[in-house]
Amino acid sequence: TMAASILKSMTGLVTDPLNFFQQPAFLMIWGVYFITYIAANVVRTVCKKLEVNEEIPKFVIVTILNTGACVAKDAVFAKIFGSGPARKIPAMTYALFYTRDMLTMLASFNAPGKIAEFFVRIGIMEPALAASVAQLLCPVGMQFLSTPIHLMGLNLYNSPGLELSERFKAIGGQYRDSCTGRMGRILPAFGFGGIGNNMLRDGFHAKVMAV
């Protein structure tokens, strides 16, 4: 179950942290997040220097790099953890994984600013609080939509030949646990991680400008 998997991972982290951080699964996930944040920060800095709007370049470049890294990671994961013998990843699975990650990037790097502006405009939050709340809500909330896309991609790989109705039934049975698990992973990665990244980036820029 999802709870058992989380408990096993946390136990491994506490009892043998060195081994935990050396696992290929951890290293691949960490690499995806590293590439994503570096890309976002570079695009924001360049756009600010050139005095152009960052939204479209940020979405396009970050999405290309993140989805490329994520799909490569998930293709490996599907072969490692998938059911049955390893086989070719269907093109539709790749397409669904790309769609899933595009939505996550949109919710993590573009939507929070717009949602924060909305919170401030209607007068329910100050700008700093609005930015943090939006950064937590947007990536997590997007998992309601992206989880079934993710599950369909996995189902196409793991269960070739099923009728569409059977796929929807399987996805429905997995949705709650999978969505909860993905929210739990996204919250620290692009929720708290996004807040921390913005704080570090803004602090670094302030120091550079003060020199």
# chains A, B, ... in the order shown; residues from 1 in each chain; ligands from 1
call {"tool": "residues_around", "arguments": {"residues": "Gln174 of chain A", "least_positions_apart": "6", "cutoff": "12 Å", "atoms": "only C-alpha atoms", "output": "ChimeraX atom specification"}}
result
/A:1-2,147-148,150-152,154-155,167-168,180-182
call {"tool": "closest_atom_pairs", "arguments": {"of": "segment 56-109 of chain A", "to": "segment 32-41 of chain A", "cutoff": "8 Å", "atoms": "only C-alpha atoms", "output": "JSON lines"}}
result
{"residue": "A:Lys58", "atom": "CA", "partner": "A:Ala40", "partner_atom": "CA", "distance": 6.1}
{"residue": "A:Ile61", "atom": "CA", "partner": "A:Ala39", "partner_atom": "CA", "distance": 7.2}
{"residue": "A:Val62", "atom": "CA", "partner": "A:Ala39", "partner_atom": "CA", "distance": 5.7}
{"residue": "A:Leu65", "atom": "CA", "partner": "A:Thr36", "partner_atom": "CA", "distance": 6.8}
{"residue": "A:Asn66", "atom": "CA", "partner": "A:Thr36", "partner_atom": "CA", "distance": 5.4}
{"residue": "A:Ala69", "atom": "CA", "partner": "A:Val32", "partner_atom": "CA", "distance": 5.7}
{"residue": "A:Cys70", "atom": "CA", "partner": "A:Val32", "partner_atom": "CA", "distance": 6.4}
{"residue": "A:Phe109", "atom": "CA", "partner": "A:Ala40", "partner_atom": "CA", "distance": 7.8}
call {"tool": "closest_residue", "arguments": {"among": "A:Asn197, A:Ser159, A:Asn19, A:Gln135", "to": "Gly113 of chain A", "atoms": "only C-alpha atoms"}}
result
A:Gln135
call {"tool": "residues_around", "arguments": {"residues": "Asn110 of chain A", "least_positions_apart": "2", "cutoff": "9 Å", "atoms": "only C-alpha atoms", "output": "ChimeraX atom specification"}}
result
/A:55-56,58-59,105-108,112-114
call {"tool": "write_last_selection", "arguments": {"atoms": "all heavy atoms", "output": "PDB file, in the first residue's frame"}}
result
ATOM      1  N   GLU A  55       7.192  34.801 -18.598  1.00  0.00           N
ATOM      2  CA  GLU A  55       6.230  33.716 -18.454  1.00  0.00           C
ATOM      3  C   GLU A  55       6.329  32.659 -19.562  1.00  0.00           C
ATOM      4  O   GLU A  55       6.427  31.459 -19.273  1.00  0.00           O
ATOM      5  CB  GLU A  55       4.804  34.283 -18.391  1.00  0.00           C
ATOM      6  CG  GLU A  55       4.533  35.151 -17.173  1.00  0.00           C
ATOM      7  CD  GLU A  55       4.745  34.420 -15.869  1.00  0.00           C
ATOM      8  OE1 GLU A  55       4.450  33.213 -15.793  1.00  0.00           O
ATOM      9  OE2 GLU A  55       5.209  35.060 -14.902  1.00  0.00           O
ATOM     10  N   ILE A  56       6.290  33.067 -20.809  1.00  0.00           N
ATOM     11  CA  ILE A  56       6.325  32.087 -21.898  1.00  0.00           C
ATOM     12  C   ILE A  56       7.692  31.415 -22.013  1.00  0.00           C
ATOM     13  O   ILE A  56       7.767  30.172 -22.085  1.00  0.00           O
ATOM     14  CB  ILE A  56       5.910  32.733 -23.235  1.00  0.00           C
ATOM     15  CG1 ILE A  56       4.430  33.137 -23.172  1.00  0.00           C
ATOM     16  CG2 ILE A  56       6.150  31.764 -24.394  1.00  0.00           C
ATOM     17  CD1 ILE A  56       3.922  33.839 -24.424  1.00  0.00           C
ATOM     18  N   LYS A  58       9.898  30.950 -19.733  1.00  0.00           N
ATOM     19  CA  LYS A  58      10.067  30.094 -18.552  1.00  0.00           C
ATOM     20  C   LYS A  58       9.274  28.802 -18.707  1.00  0.00           C
ATOM     21  O   LYS A  58       9.814  27.707 -18.457  1.00  0.00           O
ATOM     22  CB  LYS A  58       9.634  30.846 -17.295  1.00  0.00           C
ATOM     23  CG  LYS A  58       9.791  30.049 -16.011  1.00  0.00           C
ATOM     24  CD  LYS A  58       9.525  30.922 -14.789  1.00  0.00           C
ATOM     25  CE  LYS A  58       8.119  31.477 -14.773  1.00  0.00           C
ATOM     26  NZ  LYS A  58       7.856  32.282 -13.549  1.00  0.00           N
ATOM     27  N   PHE A  59       8.031  28.916 -19.131  1.00  0.00           N
ATOM     28  CA  PHE A  59       7.201  27.726 -19.284  1.00  0.00           C
ATOM     29  C   PHE A  59       7.773  26.783 -20.336  1.00  0.00           C
ATOM     30  O   PHE A  59       7.885  25.570 -20.118  1.00  0.00           O
ATOM     31  CB  PHE A  59       5.774  28.116 -19.655  1.00  0.00           C
ATOM     32  CG  PHE A  59       4.889  26.942 -19.987  1.00  0.00           C
ATOM     33  CD1 PHE A  59       4.504  26.050 -18.991  1.00  0.00           C
ATOM     34  CD2 PHE A  59       4.466  26.713 -21.283  1.00  0.00           C
ATOM     35  CE1 PHE A  59       3.701  24.954 -19.282  1.00  0.00           C
ATOM     36  CE2 PHE A  59       3.666  25.626 -21.582  1.00  0.00           C
ATOM     37  CZ  PHE A  59       3.287  24.751 -20.584  1.00  0.00           C
ATOM     38  N   MET A 105       4.532  21.736 -14.429  1.00  0.00           N
ATOM     39  CA  MET A 105       5.391  22.913 -14.585  1.00  0.00           C
ATOM     40  C   MET A 105       4.564  24.198 -14.633  1.00  0.00           C
ATOM     41  O   MET A 105       4.937  25.211 -14.031  1.00  0.00           O
ATOM     42  CB  MET A 105       6.234  22.790 -15.852  1.00  0.00           C
ATOM     43  CG  MET A 105       7.284  21.690 -15.803  1.00  0.00           C
ATOM     44  SD  MET A 105       8.456  21.874 -14.426  1.00  0.00           S
ATOM     45  CE  MET A 105       7.713  20.774 -13.180  1.00  0.00           C
ATOM     46  N   LEU A 106       3.445  24.147 -15.322  1.00  0.00           N
ATOM     47  CA  LEU A 106       2.552  25.305 -15.378  1.00  0.00           C
ATOM     48  C   LEU A 106       2.074  25.683 -13.982  1.00  0.00           C
ATOM     49  O   LEU A 106       2.051  26.866 -13.605  1.00  0.00           O
ATOM     50  CB  LEU A 106       1.356  24.991 -16.281  1.00  0.00           C
ATOM     51  CG  LEU A 106       0.369  26.131 -16.518  1.00  0.00           C
ATOM     52  CD1 LEU A 106       1.024  27.232 -17.339  1.00  0.00           C
ATOM     53  CD2 LEU A 106      -0.875  25.606 -17.246  1.00  0.00           C
ATOM     54  N   ALA A 107       1.707  24.662 -13.198  1.00  0.00           N
ATOM     55  CA  ALA A 107       1.197  24.901 -11.850  1.00  0.00           C
ATOM     56  C   ALA A 107       2.288  25.295 -10.866  1.00  0.00           C
ATOM     57  O   ALA A 107       2.007  25.933  -9.850  1.00  0.00           O
ATOM     58  CB  ALA A 107       0.475  23.648 -11.340  1.00  0.00           C
ATOM     59  N   SER A 108       3.538  24.928 -11.145  1.00  0.00           N
ATOM     60  CA  SER A 108       4.623  25.187 -10.199  1.00  0.00           C
ATOM     61  C   SER A 108       5.355  26.500 -10.454  1.00  0.00           C
ATOM     62  O   SER A 108       5.828  27.137  -9.510  1.00  0.00           O
ATOM     63  CB  SER A 108       5.648  24.039 -10.252  1.00  0.00           C
ATOM     64  OG  SER A 108       5.044  22.809  -9.921  1.00  0.00           O
ATOM     65  N   PRO A 112       1.403  30.131  -9.847  1.00  0.00           N
ATOM     66  CA  PRO A 112       1.450  30.764  -8.516  1.00  0.00           C
ATOM     67  C   PRO A 112       1.481  32.286  -8.543  1.00  0.00           C
ATOM     68  O   PRO A 112       0.814  32.937  -7.723  1.00  0.00           O
ATOM     69  CB  PRO A 112       2.747  30.195  -7.914  1.00  0.00           C
ATOM     70  CG  PRO A 112       2.886  28.858  -8.551  1.00  0.00           C
ATOM     71  CD  PRO A 112       2.422  29.066  -9.965  1.00  0.00           C
ATOM     72  N   GLY A 113       2.217  32.875  -9.480  1.00  0.00           N
ATOM     73  CA  GLY A 113       2.265  34.338  -9.555  1.00  0.00           C
ATOM     74  C   GLY A 113       0.911  34.931  -9.870  1.00  0.00           C
ATOM     75  O   GLY A 113       0.515  35.947  -9.279  1.00  0.00           O
ATOM     76  N   LYS A 114       0.183  34.303 -10.793  1.00  0.00           N
ATOM     77  CA  LYS A 114      -1.141  34.804 -11.165  1.00  0.00           C
ATOM     78  C   LYS A 114      -2.142  34.639 -10.018  1.00  0.00           C
ATOM     79  O   LYS A 114      -2.960  35.528  -9.748  1.00  0.00           O
ATOM     80  CB  LYS A 114      -1.648  34.066 -12.409  1.00  0.00           C
ATOM     81  CG  LYS A 114      -0.728  34.158 -13.614  1.00  0.00           C
ATOM     82  CD  LYS A 114      -0.541  35.586 -14.065  1.00  0.00           C
ATOM     83  CE  LYS A 114       0.337  35.662 -15.311  1.00  0.00           C
ATOM     84  NZ  LYS A 114       0.613  37.062 -15.723  1.00  0.00           N
TER      85      LYS A 114
END
call {"tool": "closest_residue", "arguments": {"among": "A:Met102, A:Ala111, A:Val133, A:Val76", "to": "Val60 of chain A", "atoms": "only C-alpha atoms"}}
result
A:Met102
call {"tool": "closest_residue", "arguments": {"among": "A:Cys179, A:Val120, A:Val71, A:Ile115", "to": "Thr99 of chain A", "atoms": "only C-alpha atoms"}}
result
A:Val71
call {"tool": "residues_around", "arguments": {"residues": "segment 122-132 of chain A", "least_positions_apart": "4", "cutoff": "9 Å", "atoms": "only C-alpha atoms", "output": "mmCIF file with all heavy atoms, in the first residue's frame"}}
result
data_model
loop_
_atom_site.group_PDB
_atom_site.id
_atom_site.type_symbol
_atom_site.label_atom_id
_atom_site.label_comp_id
_atom_site.auth_asym_id
_atom_site.auth_seq_id
_atom_site.Cartn_x
_atom_site.Cartn_y
_atom_site.Cartn_z
ATOM 1 N N PRO A 112 1.403 30.131 -9.847
ATOM 2 C CA PRO A 112 1.450 30.764 -8.516
ATOM 3 C C PRO A 112 1.481 32.286 -8.543
ATOM 4 O O PRO A 112 0.814 32.937 -7.723
ATOM 5 C CB PRO A 112 2.747 30.195 -7.914
ATOM 6 C CG PRO A 112 2.886 28.858 -8.551
ATOM 7 C CD PRO A 112 2.422 29.066 -9.965
ATOM 8 N N GLY A 113 2.217 32.875 -9.480
ATOM 9 C CA GLY A 113 2.265 34.338 -9.555
ATOM 10 C C GLY A 113 0.911 34.931 -9.870
ATOM 11 O O GLY A 113 0.515 35.947 -9.279
ATOM 12 N N ILE A 115 -2.075 33.492 -9.351
ATOM 13 C CA ILE A 115 -2.988 33.251 -8.233
ATOM 14 C C ILE A 115 -2.677 34.199 -7.075
ATOM 15 O O ILE A 115 -3.590 34.727 -6.423
ATOM 16 C CB ILE A 115 -2.888 31.783 -7.762
ATOM 17 C CG1 ILE A 115 -3.297 30.832 -8.894
ATOM 18 C CG2 ILE A 115 -3.742 31.552 -6.521
ATOM 19 C CD1 ILE A 115 -4.711 31.025 -9.385
ATOM 20 N N ALA A 116 -1.391 34.436 -6.829
ATOM 21 C CA ALA A 116 -1.003 35.372 -5.768
ATOM 22 C C ALA A 116 -1.525 36.777 -6.071
ATOM 23 O O ALA A 116 -2.033 37.472 -5.171
ATOM 24 C CB ALA A 116 0.515 35.387 -5.610
ATOM 25 N N GLU A 117 -1.404 37.200 -7.324
ATOM 26 C CA GLU A 117 -1.927 38.511 -7.714
ATOM 27 C C GLU A 117 -3.434 38.592 -7.481
ATOM 28 O O GLU A 117 -3.949 39.621 -7.040
ATOM 29 C CB GLU A 117 -1.621 38.777 -9.190
ATOM 30 C CG GLU A 117 -0.150 39.026 -9.480
ATOM 31 C CD GLU A 117 0.115 39.170 -10.969
ATOM 32 O OE1 GLU A 117 -0.859 39.117 -11.760
ATOM 33 O OE2 GLU A 117 1.290 39.322 -11.349
ATOM 34 N N PHE A 118 -4.132 37.493 -7.756
ATOM 35 C CA PHE A 118 -5.581 37.458 -7.538
ATOM 36 C C PHE A 118 -5.911 37.587 -6.052
ATOM 37 O O PHE A 118 -6.815 38.353 -5.664
ATOM 38 C CB PHE A 118 -6.149 36.153 -8.091
ATOM 39 C CG PHE A 118 -7.597 35.924 -7.766
ATOM 40 C CD1 PHE A 118 -8.594 36.647 -8.400
ATOM 41 C CD2 PHE A 118 -7.976 34.991 -6.798
ATOM 42 C CE1 PHE A 118 -9.927 36.450 -8.092
ATOM 43 C CE2 PHE A 118 -9.296 34.779 -6.484
ATOM 44 C CZ PHE A 118 -10.286 35.513 -7.141
ATOM 45 N N LEU A 136 2.190 26.930 -2.600
ATOM 46 C CA LEU A 136 1.837 25.646 -1.991
ATOM 47 C C LEU A 136 0.602 25.029 -2.650
ATOM 48 O O LEU A 136 0.554 23.819 -2.894
ATOM 49 C CB LEU A 136 1.577 25.827 -0.495
ATOM 50 C CG LEU A 136 2.765 26.249 0.370
ATOM 51 C CD1 LEU A 136 2.303 26.513 1.803
ATOM 52 C CD2 LEU A 136 3.851 25.178 0.360
ATOM 53 N N LEU A 137 -0.382 25.860 -2.960
ATOM 54 C CA LEU A 137 -1.651 25.347 -3.453
ATOM 55 C C LEU A 137 -1.596 24.873 -4.905
ATOM 56 O O LEU A 137 -2.168 23.826 -5.240
ATOM 57 C CB LEU A 137 -2.738 26.426 -3.325
ATOM 58 C CG LEU A 137 -3.225 26.772 -1.925
ATOM 59 C CD1 LEU A 137 -4.276 27.882 -1.997
ATOM 60 C CD2 LEU A 137 -3.814 25.548 -1.232
ATOM 61 N N GLY A 191 6.270 22.908 -3.807
ATOM 62 C CA GLY A 191 5.585 23.810 -2.893
ATOM 63 C C GLY A 191 6.596 24.504 -1.993
ATOM 64 O O GLY A 191 6.993 25.649 -2.234
ATOM 65 N N PHE A 192 7.037 23.784 -0.964
ATOM 66 C CA PHE A 192 8.068 24.337 -0.075
ATOM 67 C C PHE A 192 9.370 24.579 -0.830
ATOM 68 O O PHE A 192 10.079 25.553 -0.567
ATOM 69 C CB PHE A 192 8.303 23.388 1.102
ATOM 70 C CG PHE A 192 7.128 23.267 2.025
ATOM 71 C CD1 PHE A 192 6.476 22.048 2.184
ATOM 72 C CD2 PHE A 192 6.657 24.367 2.722
ATOM 73 C CE1 PHE A 192 5.381 21.933 3.032
ATOM 74 C CE2 PHE A 192 5.569 24.263 3.570
ATOM 75 C CZ PHE A 192 4.927 23.039 3.733
ATOM 76 N N GLY A 194 9.651 25.466 -3.945
ATOM 77 C CA GLY A 194 9.483 26.700 -4.707
ATOM 78 C C GLY A 194 9.636 27.927 -3.840
ATOM 79 O O GLY A 194 10.255 28.925 -4.240
ATOM 80 N N ILE A 195 9.070 27.881 -2.641
ATOM 81 C CA ILE A 195 9.210 29.006 -1.703
ATOM 82 C C ILE A 195 10.676 29.207 -1.338
ATOM 83 O O ILE A 195 11.206 30.318 -1.361
ATOM 84 C CB ILE A 195 8.369 28.768 -0.435
ATOM 85 C CG1 ILE A 195 6.875 28.789 -0.782
ATOM 86 C CG2 ILE A 195 8.684 29.820 0.635
ATOM 87 C CD1 ILE A 195 5.979 28.376 0.361
#
call {"tool": "select_by_dssp", "arguments": {"residues": "segment 60-115 of chain A", "states": "alpha helix (DSSP H)", "output": "VMD selection string"}}
result
chain A and resid 60 to 81 91 to 105 111 to 115
call {"tool": "atom_distance", "arguments": {"atom1": "atom CA of Met92 of chain A", "atom2": "atom CA of Gly141 of chain A"}}
result
24.4 Å
call {"tool": "atom_distance", "arguments": {"atom1": "atom CA of Val43 of chain A", "atom2": "atom CA of Asn198 of chain A"}}
result
13.4 Å
call {"tool": "closest_residue", "arguments": {"among": "A:Pro24, A:Leu96, A:Arg87, A:Trp30", "to": "Gly193 of chain A", "atoms": "only C-alpha atoms"}}
result
A:Trp30
call {"tool": "closest_residue", "arguments": {"among": "A:Pro139, A:Pro57, A:Phe144, A:Tyr157", "to": "Phe97 of chain A", "atoms": "only C-alpha atoms"}}
result
A:Tyr157
call {"tool": "atom_distance", "arguments": {"atom1": "atom CA of Leu164 of chain A", "atom2": "atom CA of Pro90 of chain A"}}
result
15.6 Å
